[in-house]
Amino acid sequence: MDEFIATVESHEVPLHPLDTQAAFLNVPYHFFYPNESRSDGFMPSDVLRRTFYQALKRYPILAGYLRSEGTGKTTVVVDKNDLNMPEYLESTSDVPFSQMQEAKFHNSSWPAGLSTAGAITTAGKDGRIKLANIHVVRMKDNSGVVIFVNIPHYVVDGTGFFSFVELWGTICRAERTADVELKQRAAKQEFCFDRGLISRSLPATRKPLDSQTVNVYTGFSPLADWLAWLSPTTRGRVLEKAKFSSNVVSHTFRVSRDSLKQLQSQVCEHITDDGLQVADTHVLAALISKMVAQAHKKCREQGGQSSSLFGTLLSALSSMVFGPETHQSLNLLADVRHGLDIADKSYMGNGLIPHNTQCPLSVLEAPTNAESLAEATNIVSRIYGNADGPLVASFVDMISARPSCFTRPMVYLARHPTSLVITNETGFKLYKADFGDGLPEWVCTIPSFVANFIGFLPSPPPSTDIVVNITLKAPVMKHILNNEFWRDLATIVY
């Protein structure tokens, strides 16, 4: 650690408006490594710790602190005389690694206290928001190691997050194996934290945004304005007490690529636009959108669903003012790196933007078959197909003119219980971090993230299946588990 501190140069990183769009959320993941050879020298703690700080030299932003202006503008300050060092914890457990394997890594089998951060970005014991939380847990009899890593969305998205974990693993492996070439390759890796890259990469042309997106980000919302005015630490306390994760249930499923490709083929037979590019993940997103809408309908027919007080009040007020919901607000997260042609620039800041659209519940609630699924897939594929550079530029223009608008989608989602957020992380490097004893056997986020959040993840290699993590209110999830169409396609992991 002292070696890292000696290399730090004071600097500031003014965050881009894209960085604040999910600033109240963390990026928390667990990496499960089995000690298959039963080696005494398996993932040695001293080397893990030392190489973490070597990796931190390449990510000095993680030792900074947040300075907010109260108008949505935030800066990360890296002050060599006042560093906000990451939290790095180590512990041992009486739980054997095999117990977690037998439970398919269900969180009930995890050692107590494994996750040292939750879904909401909150301050640590010293009153500051840590920009990295690490917890290395050595399992009973050195049977394996679990590494928990959390970085707030303020500073990275999934690309920046998994790039850091992979870098840490590479540096550790290079030291343990005395691999000079690997060490040199890691040293040559470039990471761009310059938020100005986004603005410099915007095209000159613009494309109109979806009216729903404009409505969410520019509509009248005193509550959202108040939340944006709060400091990051105060906002974290407020959101944590709002209990967005109350009565929330998460389940993880595995979807066979072959089965999904077969369904994609059936769906495409009913899509008349030959020029529309339909990916298998589009079909998957449309299917989940439909079955969640159908589950909400059954909940309403059976007398509603419980929710947090915050969400209940907002939902009730919305129903009184605007009447019953007729559409599902579908938010598909897309990476701007491709639309702005900067995928090769190693940009580590937040590059995700939500594409919002209104899907008629009449379409989504219709019985699921290839034809009705094609109608929903058509909506999803058009959203992704429209996400090019000019659209990204228009979105950046909108949020840059209103830096405090980043809390509006959160309030909107809380007010509309049928809303859904879907993120496709199948291209992320979940299984790339090798610390010298092989790749992780399993990688997953925290048990209950936030309600109405769906994540597509890659399976452990060599499988090409898609792991789907679904987090919903418990009454809604009950109907998902009983959905026959979904049960035929997906296998529950836990």
# chains A, B, ... in the order shown; residues from 1 in each chain; ligands from 1
>>> select_by_dssp(residues="region 305-469 of chain A", states="strand (DSSP E or B)", output="PyMOL selection string")
chain A and resi 327-335+347+352-360+420-424+442-445+453-458+466-469
>>> residues_around(residues="Phe52 (chain A)", least_positions_apart="5", cutoff="12 Å", atoms="only C-alpha atoms", output="number ranges by chain")
A: 1, 3-4, 45-47, 57-60, 62, 86-89, 132-136, 147, 149, 164-173, 175, 435
>>> select_by_dssp(residues="region 197-386 of chain A", states="helix (DSSP H, G or I)", output="number ranges by chain")
A: 197-201, 211-218, 222-229, 232-242, 257-268, 280-301, 309-322, 336-339, 361-364, 370-385
>>> atom_distance(atom1="CA of Asp141 (chain A)", atom2="CA of His30 (chain A)")
20.0 Å
>>> residues_around(residues="Leu287 (chain A)", least_positions_apart="5", cutoff="9 Å", atoms="only C-alpha atoms", output="list of chain:residue names")
A:His282, A:Val292, A:Leu364, A:Thr368, A:Leu373, A:Ala376, A:Thr377, A:Trp486
>>> residues_around(residues="region 229-233 of chain A", least_positions_apart="5", cutoff="7 Å", atoms="only C-alpha atoms", output="tab-separated table (two decimals) with C-alpha atoms, in the first residue's frame")
chain	number	residue	atom	x	y	z
A	68	SER	CA	-20.71	17.11	-5.36
A	70	GLY	CA	-25.60	19.67	-5.48
A	71	THR	CA	-26.78	20.24	-9.05
A	72	GLY	CA	-25.95	16.79	-10.35
A	122	THR	CA	-23.61	4.43	0.81
A	123	ALA	CA	-20.87	5.83	3.01
A	129	ILE	CA	-18.21	6.61	0.06
>>> residues_around(residues="Pro203 (chain A)", least_positions_apart="2", cutoff="9 Å", atoms="only C-alpha atoms", output="list of chain:residue names")
A:Arg200, A:Ser201, A:Thr205, A:Arg206, A:Leu340, A:Gly389, A:Pro390, A:Val392, A:Ala393
>>> residues_around(residues="Ala22 (chain A)", least_positions_apart="4", cutoff="9 Å", atoms="only C-alpha atoms", output="PyMOL selection string")
chain A and resi 18+26+152-154+350+352+406-407+410
>>> residues_around(residues="Ile466 (chain A)", least_positions_apart="5", cutoff="6 Å", atoms="only C-alpha atoms", output="NGL selection string")
:A and (254-255 or 457-459)
>>> closest_residue(among="A:Thr464, A:Thr51, A:Ser199, A:Ser259", to="Leu15 (chain A)", atoms="only C-alpha atoms")
A:Ser199
>>> closest_atom_pairs(of="region 222-264 of chain A", to="region 488-494 of chain A", cutoff="9 Å", atoms="only C-alpha atoms", output="tab-separated table")
residue	atom	partner	partner_atom	distance
A:Ser250	CA	A:Tyr494	CA	8.7
A:His251	CA	A:Tyr494	CA	5.8
A:Thr252	CA	A:Val493	CA	5.4
A:Phe253	CA	A:Ile492	CA	4.3
A:Arg254	CA	A:Thr491	CA	5.2
A:Val255	CA	A:Ala490	CA	4.7
A:Ser256	CA	A:Ala490	CA	7.3
A:Ser259	CA	A:Leu489	CA	6.7
A:Leu260	CA	A:Leu489	CA	7.5
A:Leu263	CA	A:Leu489	CA	8.9
>>> atom_distance(atom1="CA of Ile399 (chain A)", atom2="CA of Asn386 (chain A)")
18.5 Å
>>> closest_residue(among="A:Asp344, A:Asp210, A:Asp126, A:Asp179", to="Gly436 (chain A)", atoms="only C-alpha atoms")
A:Asp179
>>> closest_residue(among="A:Asn469, A:Asn81, A:Gln264, A:Asn483", to="Lys290 (chain A)", atoms="only C-alpha atoms")
A:Asn483
